[in-house]
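Notes follow the structure.
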Amino acid sequence: MSHSAFHAAGAMPEPWVLRATPLVPPGGHVIDVACGTGRHGRWFLANDHPVTFVDRDTSAVEDLAGRASARVVAADLEAPGFDPATVLPPGGFAAVIVVNYLWRPLLPAIIAAVGPGGLLVYQTFAAGNERFGKPSNPDFLLQPGELLEAVRGTLQVLAYEHGEGLLPRPAVIQRILARKGA
């Protein structure tokens with residue numbers, strides 16, 4: 001699907017994800033964690049990647065369930081006793097995409113799921129966002145440098161940003177693009 005077709009459908013991926021797209025190994029398996037409507041996974045499907053879509057509520061991606069290159073997994077990633085390896089096997093993905101989601105106990109499994117030569121593409125809200133509205137709970141806001149610390153010694157940081165953005169609404173965001181060595 002072209003950029004314009006995604007834009008017209010209102011499903012354009014975040015610019016951070018678009019920036020990472022050419023760095024994902026061709027045909028590599030991608031996982032869209034806490035996928036919501038699946039806009040990021042759909043982008044990778046349209047660009048010839050098999051994709052696993054994971055969310056507690058998968059109703060917005062059920063239309064993909066019959067596609068050979070799409071796997072839809074309903075899982076409560078925050079449930080007590082949930083085993084992250086069931087959906088995030090260590091080294092299992094060419095790209096792990098996480099946008100607007102933070103559950104700190106899952107972060108080590110997310111990082112470990114990046115396969116050799118693969119990417120972590122992560123973007124979510126950060127401390128300071130509370131002055132703009134939701135999310136405002138510190139449990140769901142990254143602290144300055146938190147993603148950098150999370151990948152230290154495991155992944156090579158290709159790009160990192162932390163600061164205020166205005167689009168689509170004012171927010172404080174932290175982003176990281178990091179690669180696992182081959």
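The chains in the structure tokens are called A, B, ... from first to last as shown; in each chain the residues are counted from 1, and the ligands are counted from 1 in the order shown.
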Item to complete: Identify, on the basis of only C-alpha atoms, every residue whose closest approach to stretch 167-173 of chain A does not exceed 7 Å; exclude the query and any residue fewer than 3 positions from it along the same chain; express the result as a ChimeraX atom specification.
Response: /A:123-129,132,162-164
Discussion item. Under the rule that only C-alpha atoms are counted, which of A:Leu45, A:Val114, A:Leu106, A:Leu141 is the nearest residue to A:Arg67?
Written reply: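 Of A:Leu45, A:Val114, A:Leu106, A:Leu141, the one nearest A:Arg67 is A:Leu45, counting only C-alpha atoms.
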Worksheet item: Per DSSP on the backbone, what are the strand (DSSP E or B) residues of chain A, as a PyMOL selection string?
Response: chain A and resi 30-33+51-55+70-74+93-99+114-126+142+156-165+171-179
Item to complete: Write out as a list in words each polymer residue whose atoms come within 10 Å of A:Asp48, counting only C-alpha atoms; drop sequence neighbours fewer than 5 positions from it.
Response: Pro26, Gly27, Gly28, His29, Trp43 and Ser69 of chain A
May I have the residues from that selection written out with N, CA and C atoms, as a short mmCIF file (atom, residue, chain, number, x, y, z; two decimals), in the first residue's frame?
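Saved to part.cif:
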data_model
loop_
_atom_site.label_atom_id
_atom_site.label_comp_id
_atom_site.auth_asym_id
_atom_site.auth_seq_id
_atom_site.Cartn_x
_atom_site.Cartn_y
_atom_site.Cartn_z
N PRO A 26 14.85 -7.16 4.96
CA PRO A 26 13.79 -7.49 4.00
C PRO A 26 13.12 -8.82 4.33
N GLY A 27 11.79 -8.79 4.36
CA GLY A 27 11.01 -10.00 4.61
C GLY A 27 11.06 -10.49 6.04
N GLY A 28 11.74 -9.74 6.94
CA GLY A 28 11.86 -10.15 8.33
C GLY A 28 10.54 -10.05 9.08
N HIS A 29 10.35 -10.96 10.02
CA HIS A 29 9.13 -11.03 10.82
C HIS A 29 9.09 -9.84 11.80
N TRP A 43 1.28 -1.54 7.97
CA TRP A 43 2.29 -0.91 7.13
C TRP A 43 3.35 -1.94 6.73
N SER A 69 0.34 -14.19 6.01
CA SER A 69 1.48 -13.46 6.53
C SER A 69 1.17 -12.68 7.82
#
Worksheet item: Do you know which residues are at most 6 Å from stretch 86-97 of chain A counting only C-alpha atoms, after dropping those on the same chain fewer than 5 positions away, and could you put them as number ranges by chain?
Response: A: 28-32, 112-115, 118-122
Worksheet item: Hey, which of A:Leu18, A:Leu102, A:Ala34, A:Val73 ends up closest to A:Asp139? Count only C-alpha atoms.
Response: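 Answer, going by the shortest atom-to-atom distance: A:Leu102.
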Worksheet entry | Neighbour list for A:Trp103 as a PyMOL selection string, cut-off 9 Å, only C-alpha atoms, skip fewer than 2 positions in-chain | chain A and resi 77-78+101+105-107+139-140
Store the residues picked out above in a file with N, CA and C atoms, as a JSON list (two decimals), in the first residue's frame.
[["chain", "number", "residue", "atom", "x", "y", "z"],
["A", 77, "LEU", "N", -1.07, -8.62, 28.09],
["A", 77, "LEU", "CA", 0.36, -8.55, 28.38],
["A", 77, "LEU", "C", 0.65, -8.16, 29.83],
["A", 78, "GLU", "N", -0.36, -7.65, 30.51],
["A", 78, "GLU", "CA", -0.18, -7.18, 31.88],
["A", 78, "GLU", "C", -0.80, -8.13, 32.92],
["A", 101, "TYR", "N", 2.63, 2.69, 24.28],
["A", 101, "TYR", "CA", 2.38, 1.63, 25.26],
["A", 101, "TYR", "C", 3.60, 1.50, 26.17],
["A", 105, "PRO", "N", 7.28, -4.07, 33.35],
["A", 105, "PRO", "CA", 7.69, -5.47, 33.53],
["A", 105, "PRO", "C", 7.90, -6.22, 32.21],
["A", 106, "LEU", "N", 7.31, -5.73, 31.12],
["A", 106, "LEU", "CA", 7.43, -6.38, 29.82],
["A", 106, "LEU", "C", 8.66, -5.89, 29.03],
["A", 107, "LEU", "N", 9.23, -4.77, 29.44],
["A", 107, "LEU", "CA", 10.32, -4.16, 28.68],
["A", 107, "LEU", "C", 11.51, -5.10, 28.43],
["A", 139, "ASP", "N", 3.27, 5.87, 36.14],
["A", 139, "ASP", "CA", 3.50, 4.47, 35.78],
["A", 139, "ASP", "C", 3.52, 4.26, 34.27],
["A", 140, "PHE", "N", 2.93, 5.20, 33.53],
["A", 140, "PHE", "CA", 2.82, 5.06, 32.08],
["A", 140, "PHE", "C", 3.60, 6.14, 31.33]]
Excluding same-chain residues fewer than 3 positions from A:Gly41, what lies within 10 Å of it counting only C-alpha atoms, as a PDB file with C-alpha atoms, in the first residue's frame?
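Contents of the output file out_5.pdb:
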ATOM      1  CA  PRO A  13       2.116   5.026  10.780  1.00  0.00           C
ATOM      2  CA  VAL A  30       7.746  -7.965  12.641  1.00  0.00           C
ATOM      3  CA  ILE A  31       5.697  -7.815  15.838  1.00  0.00           C
ATOM      4  CA  ASP A  32       3.333  -4.934  16.600  1.00  0.00           C
ATOM      5  CA  VAL A  33       3.056  -4.958  20.414  1.00  0.00           C
ATOM      6  CA  CYS A  35      -1.184  -3.025  18.270  1.00  0.00           C
ATOM      7  CA  GLY A  36      -4.580  -1.353  18.699  1.00  0.00           C
ATOM      8  CA  THR A  37      -5.857  -0.857  15.143  1.00  0.00           C
ATOM      9  CA  GLY A  38      -2.656  -2.374  13.774  1.00  0.00           C
ATOM     10  CA  PHE A  44       4.846  -3.716   7.393  1.00  0.00           C
ATOM     11  CA  LEU A  45       2.406  -6.260   5.914  1.00  0.00           C
ATOM     12  CA  ALA A  46       1.973  -3.944   2.932  1.00  0.00           C
ATOM     13  CA  ASN A  47       5.778  -3.842   2.659  1.00  0.00           C
ATOM     14  CA  HIS A  49       6.870  -8.536   6.034  1.00  0.00           C
ATOM     15  CA  PRO A  50       5.091 -11.253   7.994  1.00  0.00           C
ATOM     16  CA  VAL A  51       3.589  -9.594  11.075  1.00  0.00           C
ATOM     17  CA  THR A  52       2.363 -10.707  14.480  1.00  0.00           C
ATOM     18  CA  PHE A  53      -0.291  -8.398  15.931  1.00  0.00           C
ATOM     19  CA  VAL A  54      -0.659  -8.590  19.716  1.00  0.00           C
ATOM     20  CA  VAL A  61      -7.301  -6.433  13.516  1.00  0.00           C
ATOM     21  CA  ALA A  70      -0.456 -12.142   9.558  1.00  0.00           C
ATOM     22  CA  VAL A  96       9.714  -5.121  17.471  1.00  0.00           C
ATOM     23  CA  ILE A  97       7.374  -2.134  17.156  1.00  0.00           C
TER      24      ILE A  97
END
Item to complete: Go through A:Phe82, A:Gly117, A:Asn100, A:Ile110 one by one, measure the shortest atom-to-atom distance of each to A:Lys134 using only C-alpha atoms, and give the residue with the smallest value.
Response: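 Using only C-alpha atoms, the shortest distance to A:Lys134 belongs to A:Asn100.
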Practice prompt. Would you work out the distance separating atom CA of A:Ala178 from atom CA of A:Met12, expressed in Å to one decimal?
Written response: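 Atom-to-atom, atom CA of A:Ala178 to atom CA of A:Met12, that is 21.9 Å.
Between A:Ala182 and the residues A:Glu14, A:Ala60, A:Pro84, A:Pro25, the shortest atom-to-atom distance, using only C-alpha atoms, involves A:Pro25.
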Worksheet item: Mind checking DSSP for chain A and telling me the helix (DSSP H, G or I) residues as a PyMOL selection string?
Response: chain A and resi 3-8+15-23+39-46+59-64+84-86+104-112+129-131+138-140+146-151
Worksheet item: Pick from A:Gly145, A:Gly153, A:Pro80, A:Pro138: nearest to A:Ile111, with only C-alpha atoms counted?
Response: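 Among the listed residues, A:Gly153 lies closest to A:Ile111.
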